[in-house]
Every structure is written in C-alpha cells, then in structure tokens.
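> Contents of my_file_33.cif (mmCIF, C-alpha atoms) are given next:
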```cif
data_target
loop_
_atom_site.label_atom_id
_atom_site.label_comp_id
_atom_site.auth_asym_id
_atom_site.auth_seq_id
_atom_site.Cartn_x
_atom_site.Cartn_y
_atom_site.Cartn_z
CA MET A 22 -17.30 8.58 -12.04
CA MET A 23 -18.16 7.73 -8.46
CA LYS A 24 -18.29 10.68 -6.10
CA PRO A 25 -16.26 10.60 -2.87
CA LEU A 26 -17.64 8.38 -0.13
CA TYR A 27 -17.99 11.46 2.03
CA SER A 28 -19.46 14.88 1.39
CA GLY A 29 -18.76 16.19 4.89
CA ASP A 30 -17.93 15.10 8.40
CA THR A 31 -21.09 13.09 9.08
CA VAL A 32 -21.03 9.42 8.11
CA ASP A 33 -24.28 7.45 8.16
CA TRP A 34 -23.08 3.85 8.20
CA THR A 35 -24.77 0.53 7.62
CA PRO A 36 -22.98 -2.69 6.61
CA LEU A 37 -22.16 -2.75 2.92
CA ALA A 38 -22.25 -5.70 0.56
CA GLY A 39 -21.75 -6.50 -3.11
CA SER A 40 -21.19 -3.56 -5.42
CA GLU A 41 -21.41 -1.09 -2.51
CA LEU A 42 -18.42 -2.75 -0.86
CA SER A 43 -16.50 -2.70 -4.14
CA THR A 44 -17.28 0.98 -4.62
CA ALA A 45 -16.18 1.80 -1.09
CA SER A 46 -12.90 -0.06 -1.63
CA GLN A 47 -12.16 2.05 -4.69
CA TRP A 48 -12.80 5.20 -2.69
CA LEU A 49 -10.41 3.99 0.01
CA ARG A 50 -7.76 3.52 -2.67
CA ILE A 51 -8.01 7.00 -4.11
CA SER A 52 -8.28 8.51 -0.63
CA ALA A 53 -5.02 6.83 0.40
CA MET A 54 -3.31 7.99 -2.79
CA ALA A 55 -4.51 11.55 -2.25
CA MET A 56 -3.13 11.45 1.28
CA THR A 57 0.23 10.19 0.06
CA HIS A 58 0.30 12.89 -2.60
CA HIS A 59 -0.47 15.50 0.05
CA ALA A 60 2.26 14.25 2.42
CA GLY A 61 4.86 13.63 -0.28
CA ILE A 62 5.63 10.27 1.30
CA GLY A 63 3.86 7.01 1.96
CA HIS A 64 3.32 3.43 0.85
CA THR A 65 0.96 3.48 -2.10
CA GLY A 66 1.35 -0.13 -3.27
CA GLY A 67 0.47 -1.70 0.06
CA ASP A 68 -2.37 0.75 0.63
CA LEU A 69 -3.95 -0.38 -2.62
CA SER A 70 -3.47 -4.12 -2.00
CA ALA A 71 -5.07 -3.96 1.46
CA ALA A 72 -8.13 -1.84 0.60
CA ASP A 73 -10.58 -4.71 -0.02
CA ILE A 74 -9.54 -6.49 3.17
CA LEU A 75 -10.04 -3.40 5.32
CA ALA A 76 -13.29 -2.48 3.61
CA THR A 77 -14.68 -5.95 4.30
CA LEU A 78 -13.63 -5.91 7.94
CA TYR A 79 -14.88 -2.43 8.81
CA LEU A 80 -17.57 -1.67 6.25
CA GLY A 81 -18.84 -5.20 5.63
CA GLY A 82 -19.91 -5.64 9.24
CA VAL A 83 -17.26 -8.18 10.29
CA LEU A 84 -15.73 -6.14 13.11
CA GLN A 85 -17.99 -5.44 16.06
CA VAL A 86 -17.02 -1.89 16.98
CA ARG A 87 -18.72 1.31 18.14
CA PRO A 88 -17.12 4.46 16.73
CA ASP A 89 -19.20 6.57 19.12
CA ASP A 90 -17.80 4.50 22.01
CA PRO A 91 -14.31 3.50 20.81
CA ALA A 92 -13.30 2.08 24.20
CA TRP A 93 -16.35 -0.23 24.39
CA PRO A 94 -14.99 -3.20 26.39
CA GLU A 95 -16.67 -5.83 24.19
CA ARG A 96 -15.38 -4.46 20.88
CA ASP A 97 -13.37 -6.60 18.52
CA ARG A 98 -9.73 -5.56 18.28
CA PHE A 99 -8.06 -4.92 14.92
CA ILE A 100 -4.29 -4.48 14.73
CA MET A 101 -2.72 -3.08 11.57
CA SER A 102 0.62 -4.80 11.84
CA LYS A 103 1.73 -3.46 8.45
CA GLY A 104 1.46 -0.01 9.97
CA HIS A 105 3.36 1.69 7.15
CA CYS A 106 0.15 1.38 5.09
CA SER A 107 -1.53 3.93 7.30
CA GLY A 108 -3.19 5.93 4.53
CA VAL A 109 -5.72 3.24 3.68
CA PHE A 110 -6.14 2.38 7.38
CA TYR A 111 -6.99 5.95 8.36
CA SER A 112 -9.31 6.25 5.38
CA THR A 113 -11.15 3.14 6.57
CA LEU A 114 -11.44 4.43 10.13
CA ALA A 115 -12.89 7.67 8.83
CA ALA A 116 -15.29 5.75 6.60
CA ARG A 117 -16.51 3.82 9.62
CA GLY A 118 -16.99 7.07 11.55
CA PHE A 119 -14.16 7.05 14.09
CA PHE A 120 -13.16 10.60 13.24
CA PRO A 121 -14.21 13.27 10.73
CA ALA A 122 -13.20 12.55 7.17
CA SER A 123 -11.80 16.08 6.90
CA THR A 124 -9.01 14.95 9.26
CA LEU A 125 -7.55 12.88 6.43
CA LYS A 126 -6.27 16.01 4.69
CA THR A 127 -3.89 16.59 7.63
CA TYR A 128 -2.02 13.31 7.00
CA MET A 129 1.55 13.61 8.28
CA ASP A 130 1.25 17.37 8.83
CA PRO A 131 3.08 18.77 11.87
CA MET A 132 1.06 17.99 15.03
CA SER A 133 -1.50 15.94 13.05
CA VAL A 134 -3.08 12.99 14.86
CA LEU A 135 -2.49 11.00 11.67
CA ASN A 136 1.15 10.01 11.90
CA GLY A 137 2.91 8.07 9.18
CA HIS A 138 2.52 5.04 11.43
CA PRO A 139 -0.61 4.53 13.58
CA ASP A 140 -0.41 5.87 17.12
CA ARG A 141 -3.10 4.72 19.56
CA ASN A 142 -2.45 7.77 21.73
CA LYS A 143 -3.44 10.11 18.90
CA ALA A 144 -5.86 8.56 16.41
CA VAL A 145 -9.22 7.25 17.63
CA GLY A 146 -9.81 3.63 16.61
CA VAL A 147 -6.15 2.61 16.59
CA GLU A 148 -5.61 -0.29 19.00
CA ALA A 149 -1.81 -0.56 18.87
CA ASN A 150 1.19 1.46 17.76
CA THR A 151 2.66 -0.32 14.76
CA GLY A 152 5.26 0.34 12.13
CA PRO A 153 8.32 -1.66 13.24
CA LEU A 154 7.43 -4.88 11.45
CA GLY A 155 6.84 -8.12 13.32
CA HIS A 156 5.15 -6.50 16.34
CA GLY A 157 1.48 -6.67 15.42
CA LEU A 158 0.96 -10.42 15.71
CA PRO A 159 2.69 -10.68 19.11
CA ILE A 160 0.47 -7.84 20.39
CA ALA A 161 -2.60 -9.57 18.93
CA VAL A 162 -1.74 -12.86 20.63
CA GLY A 163 -1.39 -11.04 23.94
CA ALA A 164 -4.77 -9.40 23.41
CA ALA A 165 -6.39 -12.74 22.58
CA LEU A 166 -4.95 -14.26 25.75
CA ALA A 167 -6.21 -11.28 27.78
CA CYS A 168 -9.66 -11.77 26.28
CA ARG A 169 -9.72 -15.41 27.36
CA MET A 170 -8.42 -14.61 30.86
CA SER A 171 -11.17 -12.00 31.24
CA ASN A 172 -13.87 -14.45 30.09
CA MET A 173 -14.83 -12.09 27.26
CA SER A 174 -16.08 -13.04 23.80
CA TRP A 175 -14.53 -10.39 21.56
CA ARG A 176 -12.17 -11.38 18.76
CA VAL A 177 -8.79 -10.15 17.54
CA TYR A 178 -7.92 -9.55 13.89
CA VAL A 179 -4.43 -8.67 12.69
CA LEU A 180 -3.32 -7.75 9.17
CA THR A 181 0.29 -8.51 8.32
CA GLY A 182 2.35 -7.97 5.22
CA ASP A 183 3.95 -11.00 3.60
CA GLY A 184 7.46 -9.53 3.63
CA GLU A 185 6.85 -8.73 7.29
CA LEU A 186 6.66 -12.46 7.99
CA GLN A 187 10.42 -12.63 7.51
CA GLU A 188 10.58 -11.27 11.08
CA GLY A 189 11.01 -14.18 13.49
CA SER A 190 8.83 -12.62 16.18
CA ASN A 191 5.79 -13.53 14.08
CA TRP A 192 6.54 -17.22 14.29
CA GLU A 193 7.16 -17.10 18.04
CA ALA A 194 3.73 -15.52 18.36
CA ALA A 195 2.21 -18.10 16.01
CA MET A 196 3.59 -20.93 18.16
CA THR A 197 2.08 -19.29 21.24
CA ALA A 198 -1.31 -18.88 19.57
CA GLN A 199 -1.51 -22.56 18.61
CA HIS A 200 -0.15 -23.69 21.99
CA TYR A 201 -3.04 -21.98 23.77
CA GLY A 202 -5.58 -22.86 21.10
CA LEU A 203 -6.51 -19.22 20.57
CA ASP A 204 -9.53 -19.61 18.33
CA ASN A 205 -10.42 -15.95 18.95
CA ILE A 206 -7.57 -14.66 16.77
CA VAL A 207 -7.54 -14.27 12.98
CA VAL A 208 -4.35 -13.48 11.07
CA ILE A 209 -4.80 -12.03 7.59
CA VAL A 210 -1.71 -12.06 5.36
CA ASP A 211 -1.71 -9.44 2.61
CA ARG A 212 0.08 -11.73 0.15
CA ASN A 213 1.01 -9.19 -2.52
CA ARG A 214 4.49 -10.72 -3.08
CA ILE A 215 6.37 -7.41 -3.04
CA GLN A 216 8.27 -5.78 -0.20
CA GLN A 217 10.57 -2.80 0.03
CA GLY A 218 12.97 -2.96 -2.89
CA ASP A 219 12.01 -6.23 -4.57
CA PHE A 220 9.69 -9.22 -4.78
CA THR A 221 9.43 -11.28 -1.60
CA GLU A 222 10.58 -14.50 -3.26
CA SER A 223 13.76 -12.77 -4.45
CA THR A 224 14.49 -11.48 -0.94
CA ILE A 225 13.65 -14.40 1.34
CA ARG A 226 11.39 -17.09 -0.11
CA MET A 227 8.01 -17.18 1.67
CA ASP A 228 6.39 -20.08 -0.17
CA PRO A 229 4.89 -22.50 0.60
CA MET A 230 3.00 -19.88 2.65
CA VAL A 231 -0.13 -21.93 3.37
CA ASP A 232 1.86 -25.00 4.39
CA LYS A 233 3.88 -22.92 6.85
CA TRP A 234 0.79 -21.70 8.70
CA ARG A 235 -0.74 -25.17 8.77
CA ALA A 236 2.51 -26.57 10.14
CA PHE A 237 2.28 -24.00 12.94
CA GLY A 238 -1.15 -25.35 13.90
CA PHE A 239 -3.41 -22.76 12.27
CA HIS A 240 -6.68 -23.41 10.51
CA THR A 241 -5.55 -21.92 7.20
CA LEU A 242 -7.53 -20.61 4.24
CA GLU A 243 -6.20 -19.28 0.94
CA ILE A 244 -8.41 -16.83 -0.93
CA ASP A 245 -8.53 -14.00 -3.43
CA GLY A 246 -7.93 -10.96 -1.24
CA HIS A 247 -9.81 -8.71 -3.65
CA ASN A 248 -13.00 -10.78 -3.64
CA HIS A 249 -15.35 -9.40 -0.98
CA ASP A 250 -17.59 -12.47 -0.96
CA ALA A 251 -14.56 -14.72 -0.45
CA LEU A 252 -13.34 -12.48 2.35
CA LEU A 253 -16.72 -12.47 4.09
CA ALA A 254 -16.93 -16.27 3.80
CA ALA A 255 -13.41 -16.68 5.20
CA PHE A 256 -14.17 -14.46 8.19
CA ALA A 257 -17.36 -16.43 8.84
CA ASP A 258 -15.39 -19.68 8.64
CA ALA A 259 -12.86 -18.31 11.14
CA GLY A 260 -15.68 -17.39 13.51
CA SER A 261 -16.96 -20.96 13.56
CA THR A 262 -13.54 -22.61 13.97
CA LYS A 263 -12.91 -23.93 17.46
CA GLY A 264 -9.74 -24.96 19.23
CA LYS A 265 -7.16 -23.36 16.95
CA PRO A 266 -6.30 -19.93 15.53
CA THR A 267 -7.08 -19.04 11.93
CA CYS A 268 -4.83 -17.64 9.21
CA ILE A 269 -6.30 -16.25 5.99
CA VAL A 270 -3.71 -16.00 3.23
CA ALA A 271 -5.24 -13.31 1.02
CA ASN A 272 -3.62 -13.29 -2.41
CA THR A 273 -3.52 -9.67 -3.54
CA VAL A 274 -1.91 -7.42 -6.14
CA LYS A 275 0.44 -4.71 -4.96
CA GLY A 276 -0.87 -1.45 -6.37
CA LYS A 277 -4.25 -3.04 -7.19
CA GLY A 278 -6.45 -1.07 -9.58
CA VAL A 279 -3.81 1.39 -10.81
CA SER A 280 -1.97 0.13 -13.89
CA PHE A 281 1.26 2.04 -13.38
CA ALA A 282 1.56 0.78 -9.79
CA GLU A 283 0.43 -2.84 -10.11
CA ASN A 284 3.15 -5.42 -9.42
CA ASN A 285 5.82 -2.72 -9.49
CA PRO A 286 8.26 -2.76 -6.54
CA ALA A 287 8.97 0.96 -7.09
CA TRP A 288 5.45 1.70 -5.85
CA HIS A 289 6.09 0.25 -2.42
CA HIS A 290 7.25 3.80 -1.63
CA GLY A 291 5.83 5.50 -4.71
CA VAL A 292 4.22 8.93 -4.36
CA PRO A 293 1.79 9.96 -7.12
CA THR A 294 2.11 13.26 -8.88
CA ARG A 295 -1.06 15.30 -9.36
CA GLU A 296 -1.32 13.98 -12.91
CA GLN A 297 -0.86 10.38 -11.77
CA LEU A 298 -3.45 10.89 -9.03
CA HIS A 299 -6.06 11.97 -11.57
CA ALA A 300 -5.09 9.12 -13.89
CA ALA A 301 -5.53 6.67 -11.02
CA ALA A 302 -8.92 8.15 -10.19
CA ALA A 303 -10.03 7.62 -13.79
CA GLU A 304 -8.91 3.97 -13.68
CA LEU A 305 -10.59 3.37 -10.32
CA GLY A 306 -13.78 5.09 -11.46
CA VAL A 307 -13.81 7.60 -8.60
CA GLU A 308 -13.29 11.29 -8.17
CA VAL A 309 -10.18 12.65 -6.47
CA PRO A 310 -11.25 13.70 -2.95
CA TRP A 311 -11.23 17.28 -1.75
CA LEU A 312 -8.07 16.46 0.16
CA VAL A 313 -5.88 17.77 -2.66
#
```
Give the structure from this file in structure tokens form.


Amino acid sequence: MMKPLYSGDTVDWTPLAGSELSTASQWLRISAMAMTHHAGIGHTGGDLSAADILATLYLGGVLQVRPDDPAWPERDRFIMSKGHCSGVFYSTLAARGFFPASTLKTYMDPMSVLNGHPDRNKAVGVEANTGPLGHGLPIAVGAALACRMSNMSWRVYVLTGDGELQEGSNWEAAMTAQHYGLDNIVVIVDRNRIQQGDFTESTIRMDPMVDKWRAFGFHTLEIDGHNHDALLAAFADAGSTKGKPTCIVANTVKGKGVSFAENNPAWHHGVPTREQLHAAAAELGVEVPWLV
C-alpha cells in the first residue's frame, strides 16, 4: 500500500513523471474521496475522472506557478470550470504546496476556506470562482485576451466537464477564442460521458465532440485522459501551436480506479461510507489519509 503523499504540512516538490505521477494521481483520488466522506456531500465520480489531468498539470511541471508567490504576475492561469469537483482540485493545490495539506480535513466545514465550489477570495491558488457551469471558459478567454493586451507570455488552461458543454456560453466563448486566434489558451474536456442523473448522450448528445471543436476553429487533440505521457505530449503540442486555440478532448472514466463507482451515474453525487472508502483505498493501492 502506498502511504499518503503527505506526512505533514511541508511539501518538497519537484516535477513528477512516470510511476511517480501515477502514484500521485491515486493519492489525489483517495484524498478527494476522504474529503467527500468527511463532508457527507460531493462529486466523487468527477473527482476520480479528473485526477490524472490535474496531476499532470500541477505535479508534472506543465503549469508555471509559484505557490510561495501565488500572485506572481507571470504565472499560468488554471480555471477549474467544473468547480463541483473541488475535492480533487483542492487536493492538487495542497500537493503543489499552495496551502497546508492539513487544511483538506476542513472541507466544507463552517467557515472553512475550502467551499464546496472554489472561491478565489478564500482558497490560495484558485483563479476564479466556479460552480455554475458554463462560466469557466468565458473567464479563461477573457484572461487570455488580457494576457495578450498586456504583452505577457503566460498561458491559460481551463478544465471543463463534457455535460457542462451543453451550456451555450461555452460556444460563444469558443467562437471568441478562435476569432482572436488565442493560441495561449488550452481547453481540456473531461470526457467521462456521465453528468448529473444520466449519461451525456442520453441527455443531450455531445458527439461528435472532436468535430465540434475543430468546426469552431480549435486545434483539437483526442487522447486517453488517464495516460500521463499522452497528457504531457498533448500539453507540449498545445504550447507549440500558433494562431489558434487548442482543445484536448481527454477520454476518461467517471469514477476511475474504484470498481463500484466506475461508469455509474449514481456516483456523480455519490458519497462513500467508511467501508467503501477503505475498499477504494485497497483498489487504488493507497492508504486512507489522516483526514478521516
């Protein structure tokens, strides 16, 4: 069994790769589940599907950020548009050193800085308040335009859910990004094919997903969203693309790594019992954190 990524509040961080990145992703999964168990509410399935993407961005050295100087003007901006999956997002921020890992055990407690949806006025490292779906990409496009107008070189990354793309505001923002040729923005779609209550294709059909983004003028890549090497290569490709924005359609599994949650719409909102939490830890090959 892997021990928790943290043993205290001090995080010594260097970019991870290979098996280290895989191990960290598994820790992020069990951390998010422990937080949901603690709060009695959350979004387990989406936390688990997004873990590899967030681990690659923050722990794989893709995002240029300084946790000891979170307002560094030249930092890359990351916007968690699917803000309901805050458990895995906060776990990642803690892993990268933005705040003490012990803060995670206060998730959704009264007066905690870790709200159910990210709040930039409370949690260090959060760039935008998200939760109402369809807002993250418009904010990201505005940030990318501001970067260009300021003659800066930082980049903007935004993670959306696939069901979230049923909100029309995303496509207005996408048209704006291609109109201005915003090659400093990268959209990552967590394509897990499940949204609240049902599968996406039973709610409003999203396919052909890749064709849609290409039709909107994006350089579009389709990858396995649980393959860290594929993710790293896609982010490198996006960094070298000029003249148009990039969309990475990351095919993922809702509830990834936990058999009773995988591809099960009930686990969009599912909250693990203590027994389920320990069963998940055994499947993921990690220990349940001290949070519980």

> Could you list, with a cut-off of 9 Å and counting all atoms listed in the file, the residues of segment 22-105 of chain A near segment 259-276 of chain A, each shown with its nearest atom pair and the distance in Å rounded to one decimal, rows sorted by chain and ascending number, as CSV?


```
residue,atom,partner,partner_atom,distance
A:Thr65,CA,A:Gly276,CA,6.8
A:Gly66,CA,A:Gly276,CA,4.0
A:Gly67,CA,A:Lys275,CA,5.9
A:Asp68,CA,A:Gly276,CA,7.5
A:Leu69,CA,A:Gly276,CA,5.0
A:Ser70,CA,A:Lys275,CA,4.9
A:Ala71,CA,A:Thr273,CA,7.7
A:Ile74,CA,A:Ala271,CA,8.3
```

> I'd like the neighbourhood of Thr221 of chain A as a short mmCIF file (atom, residue, chain, number, x, y, z; two decimals) with C-alpha atoms, in the frame of the given file, where a residue qualifies if any of its atoms comes within 8 Å (using only C-alpha atoms), though same-chain residues fewer than 6 positions away should be ignored.


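Below you can see selection-v4.cif, which holds the result:
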```
data_model
loop_
_atom_site.label_atom_id
_atom_site.label_comp_id
_atom_site.auth_asym_id
_atom_site.auth_seq_id
_atom_site.Cartn_x
_atom_site.Cartn_y
_atom_site.Cartn_z
CA ASP A 183 3.95 -11.00 3.60
CA GLY A 184 7.46 -9.53 3.63
CA ARG A 214 4.49 -10.72 -3.08
CA ILE A 215 6.37 -7.41 -3.04
CA MET A 227 8.01 -17.18 1.67
#
```

> What gap, in Å, lies between atom CA of Val210 of chain A and atom CA of Ala255 of chain A?

12.6 Å

> Extending 5 Å beyond the listed atoms of segment 172-184 of chain A on each side, what axis-aligned box results? I want centre and edge lengths in Å to one decimal, as JSON.


```
{"center_x": -4.3, "center_y": -11.1, "center_z": 16.8, "size_x": 33.5, "size_y": 16.7, "size_z": 36.5}
```

> Using all atoms listed in the file, what does the table of segment 65-89 of chain A residues within 12 Å of segment 116-139 of chain A look like, with each row giving the shortest atom pair and its distance in Å to one decimal, sorted by chain and ascending number, as JSON lines?


```
{"residue": "A:Leu75", "atom": "CA", "partner": "A:Arg117", "partner_atom": "CA", "distance": 10.6}
{"residue": "A:Ala76", "atom": "CA", "partner": "A:Ala116", "partner_atom": "CA", "distance": 9.0}
{"residue": "A:Thr77", "atom": "CA", "partner": "A:Arg117", "partner_atom": "CA", "distance": 11.3}
{"residue": "A:Leu78", "atom": "CA", "partner": "A:Arg117", "partner_atom": "CA", "distance": 10.3}
{"residue": "A:Tyr79", "atom": "CA", "partner": "A:Arg117", "partner_atom": "CA", "distance": 6.5}
{"residue": "A:Leu80", "atom": "CA", "partner": "A:Arg117", "partner_atom": "CA", "distance": 6.5}
{"residue": "A:Gly81", "atom": "CA", "partner": "A:Arg117", "partner_atom": "CA", "distance": 10.1}
{"residue": "A:Gly82", "atom": "CA", "partner": "A:Arg117", "partner_atom": "CA", "distance": 10.1}
{"residue": "A:Leu84", "atom": "CA", "partner": "A:Arg117", "partner_atom": "CA", "distance": 10.6}
{"residue": "A:Gln85", "atom": "CA", "partner": "A:Arg117", "partner_atom": "CA", "distance": 11.4}
{"residue": "A:Val86", "atom": "CA", "partner": "A:Arg117", "partner_atom": "CA", "distance": 9.3}
{"residue": "A:Arg87", "atom": "CA", "partner": "A:Phe119", "partner_atom": "CA", "distance": 8.4}
{"residue": "A:Pro88", "atom": "CA", "partner": "A:Phe119", "partner_atom": "CA", "distance": 4.7}
{"residue": "A:Asp89", "atom": "CA", "partner": "A:Phe119", "partner_atom": "CA", "distance": 7.1}
```

> Just the residues within 12 Å of Arg295 of chain A, please, counting all atoms listed in the file, with nothing from its chain fewer than 3 positions along; format it as a list in words.

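What passes the distance filter is Met54, Ala55, Met56, Thr57, His58, His59, Gly61, Val292, Leu298, His299, Ala300, Ala301, Ala302, Val309, Leu312 and Val313 of chain A.
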
> What is the distance between atom CA of Gly202 of chain A and atom CA of Pro91 of chain A, in Å to one decimal?

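Result for atom CA of Gly202 of chain A versus atom CA of Pro91 of chain A: 27.8 Å, one decimal.
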
> Starting from the PyMOL selection byres ((chain A and resi 234) around 12), expand the selection into actual residues of this file and give them as an mmCIF file with C-alpha atoms, keeping the file's coordinate frame.


```cif
data_model
loop_
_atom_site.group_PDB
_atom_site.id
_atom_site.type_symbol
_atom_site.label_atom_id
_atom_site.label_comp_id
_atom_site.auth_asym_id
_atom_site.auth_seq_id
_atom_site.Cartn_x
_atom_site.Cartn_y
_atom_site.Cartn_z
ATOM 1 C CA LEU A 186 6.660 -12.460 7.990
ATOM 2 C CA ASN A 191 5.790 -13.530 14.080
ATOM 3 C CA TRP A 192 6.540 -17.220 14.290
ATOM 4 C CA ALA A 194 3.730 -15.520 18.360
ATOM 5 C CA ALA A 195 2.210 -18.100 16.010
ATOM 6 C CA MET A 196 3.590 -20.930 18.160
ATOM 7 C CA ALA A 198 -1.310 -18.880 19.570
ATOM 8 C CA GLN A 199 -1.510 -22.560 18.610
ATOM 9 C CA VAL A 207 -7.540 -14.270 12.980
ATOM 10 C CA VAL A 208 -4.350 -13.480 11.070
ATOM 11 C CA ILE A 209 -4.800 -12.030 7.590
ATOM 12 C CA VAL A 210 -1.710 -12.060 5.360
ATOM 13 C CA MET A 227 8.010 -17.180 1.670
ATOM 14 C CA ASP A 228 6.390 -20.080 -0.170
ATOM 15 C CA PRO A 229 4.890 -22.500 0.600
ATOM 16 C CA MET A 230 3.000 -19.880 2.650
ATOM 17 C CA VAL A 231 -0.130 -21.930 3.370
ATOM 18 C CA ASP A 232 1.860 -25.000 4.390
ATOM 19 C CA LYS A 233 3.880 -22.920 6.850
ATOM 20 C CA ARG A 235 -0.740 -25.170 8.770
ATOM 21 C CA ALA A 236 2.510 -26.570 10.140
ATOM 22 C CA PHE A 237 2.280 -24.000 12.940
ATOM 23 C CA GLY A 238 -1.150 -25.350 13.900
ATOM 24 C CA PHE A 239 -3.410 -22.760 12.270
ATOM 25 C CA HIS A 240 -6.680 -23.410 10.510
ATOM 26 C CA THR A 241 -5.550 -21.920 7.200
ATOM 27 C CA LEU A 242 -7.530 -20.610 4.240
ATOM 28 C CA GLU A 243 -6.200 -19.280 0.940
ATOM 29 C CA LYS A 265 -7.160 -23.360 16.950
ATOM 30 C CA PRO A 266 -6.300 -19.930 15.530
ATOM 31 C CA THR A 267 -7.080 -19.040 11.930
ATOM 32 C CA CYS A 268 -4.830 -17.640 9.210
ATOM 33 C CA ILE A 269 -6.300 -16.250 5.990
ATOM 34 C CA VAL A 270 -3.710 -16.000 3.230
#
```

> In terms of the shortest atom-to-atom distance over all atoms listed in the file, which of A:Ser40, A:Asn142, A:Asn205, A:Thr197 is closest to Val177 of chain A?

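Comparing A:Ser40, A:Asn142, A:Asn205, A:Thr197 against Val177 of chain A, the winner is A:Asn205.
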
> Under the rule that only C-alpha atoms are counted, which of A:Gly108, A:Pro36, A:Gly278, A:Pro293 is the nearest residue to Ser52 of chain A?

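When distances to Ser52 of chain A are compared using only C-alpha atoms, the smallest one comes from A:Gly108.
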
> Report, in Å to a single decimal, how far apart atom CA of Gly152 of chain A and atom CA of His105 of chain A are.

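Here the two named atoms are 5.5 Å from each other.
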
> Mind telling me what the PyMOL selection byres ((chain A and resi 150) around 10) catches here, as number ranges by chain?

A: 100-102, 104, 138-143, 147-149, 151-153, 156-157, 160

> Compare A:Ala144, A:Cys106, A:Leu42, A:Ile51 by their minimum atom-to-atom distance to His289 of chain A, counting all atoms listed in the file, and give me the closest one.

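The shortest atom-to-atom distance to His289 of chain A comes from A:Cys106.
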
> Can you fill out segment 79-101 of chain A with N, CA and C atoms and hand it back as a CSV table (one decimal), keeping the file's coordinate frame?


```
chain,number,residue,atom,x,y,z
A,79,TYR,N,-14.2,-3.6,8.1
A,79,TYR,CA,-14.9,-2.4,8.8
A,79,TYR,C,-16.2,-2.0,8.2
A,80,LEU,N,-16.4,-2.1,6.9
A,80,LEU,CA,-17.6,-1.7,6.2
A,80,LEU,C,-18.5,-2.8,5.9
A,81,GLY,N,-18.0,-4.0,5.9
A,81,GLY,CA,-18.8,-5.2,5.6
A,81,GLY,C,-19.5,-5.8,6.9
A,82,GLY,N,-19.3,-5.2,8.0
A,82,GLY,CA,-19.9,-5.6,9.2
A,82,GLY,C,-19.2,-6.8,10.0
A,83,VAL,N,-18.0,-7.1,9.6
A,83,VAL,CA,-17.3,-8.2,10.3
A,83,VAL,C,-16.8,-7.8,11.7
A,84,LEU,N,-16.2,-6.6,11.8
A,84,LEU,CA,-15.7,-6.1,13.1
A,84,LEU,C,-16.9,-5.6,13.9
A,85,GLN,N,-17.0,-6.0,15.2
A,85,GLN,CA,-18.0,-5.4,16.1
A,85,GLN,C,-17.3,-4.3,16.8
A,86,VAL,N,-17.6,-3.1,16.4
A,86,VAL,CA,-17.0,-1.9,17.0
A,86,VAL,C,-18.1,-0.8,17.1
A,87,ARG,N,-17.8,0.2,18.0
A,87,ARG,CA,-18.7,1.3,18.1
A,87,ARG,C,-17.9,2.6,18.0
A,88,PRO,N,-17.9,3.2,16.9
A,88,PRO,CA,-17.1,4.5,16.7
A,88,PRO,C,-17.5,5.5,17.7
A,89,ASP,N,-18.8,5.6,18.1
A,89,ASP,CA,-19.2,6.6,19.1
A,89,ASP,C,-18.8,6.2,20.5
A,90,ASP,N,-18.3,5.0,20.7
A,90,ASP,CA,-17.8,4.5,22.0
A,90,ASP,C,-16.6,3.6,21.7
A,91,PRO,N,-15.5,4.3,21.3
A,91,PRO,CA,-14.3,3.5,20.8
A,91,PRO,C,-13.7,2.6,21.9
A,92,ALA,N,-13.9,2.9,23.1
A,92,ALA,CA,-13.3,2.1,24.2
A,92,ALA,C,-14.3,1.0,24.7
A,93,TRP,N,-15.4,0.8,24.0
A,93,TRP,CA,-16.4,-0.2,24.4
A,93,TRP,C,-15.6,-1.5,24.7
A,94,PRO,N,-15.8,-2.0,26.0
A,94,PRO,CA,-15.0,-3.2,26.4
A,94,PRO,C,-15.2,-4.5,25.5
A,95,GLU,N,-16.4,-4.6,24.9
A,95,GLU,CA,-16.7,-5.8,24.2
A,95,GLU,C,-16.4,-5.7,22.7
A,96,ARG,N,-15.7,-4.6,22.3
A,96,ARG,CA,-15.4,-4.5,20.9
A,96,ARG,C,-14.4,-5.5,20.4
A,97,ASP,N,-14.4,-5.8,19.1
A,97,ASP,CA,-13.4,-6.6,18.5
A,97,ASP,C,-12.1,-5.7,18.4
A,98,ARG,N,-11.0,-6.3,18.4
A,98,ARG,CA,-9.7,-5.6,18.3
A,98,ARG,C,-9.1,-5.8,16.9
A,99,PHE,N,-8.8,-4.8,16.2
A,99,PHE,CA,-8.1,-4.9,14.9
A,99,PHE,C,-6.7,-4.3,15.1
A,100,ILE,N,-5.7,-5.0,14.7
A,100,ILE,CA,-4.3,-4.5,14.7
A,100,ILE,C,-3.7,-4.5,13.3
A,101,MET,N,-3.3,-3.3,12.9
A,101,MET,CA,-2.7,-3.1,11.6
A,101,MET,C,-1.2,-3.3,11.7
```
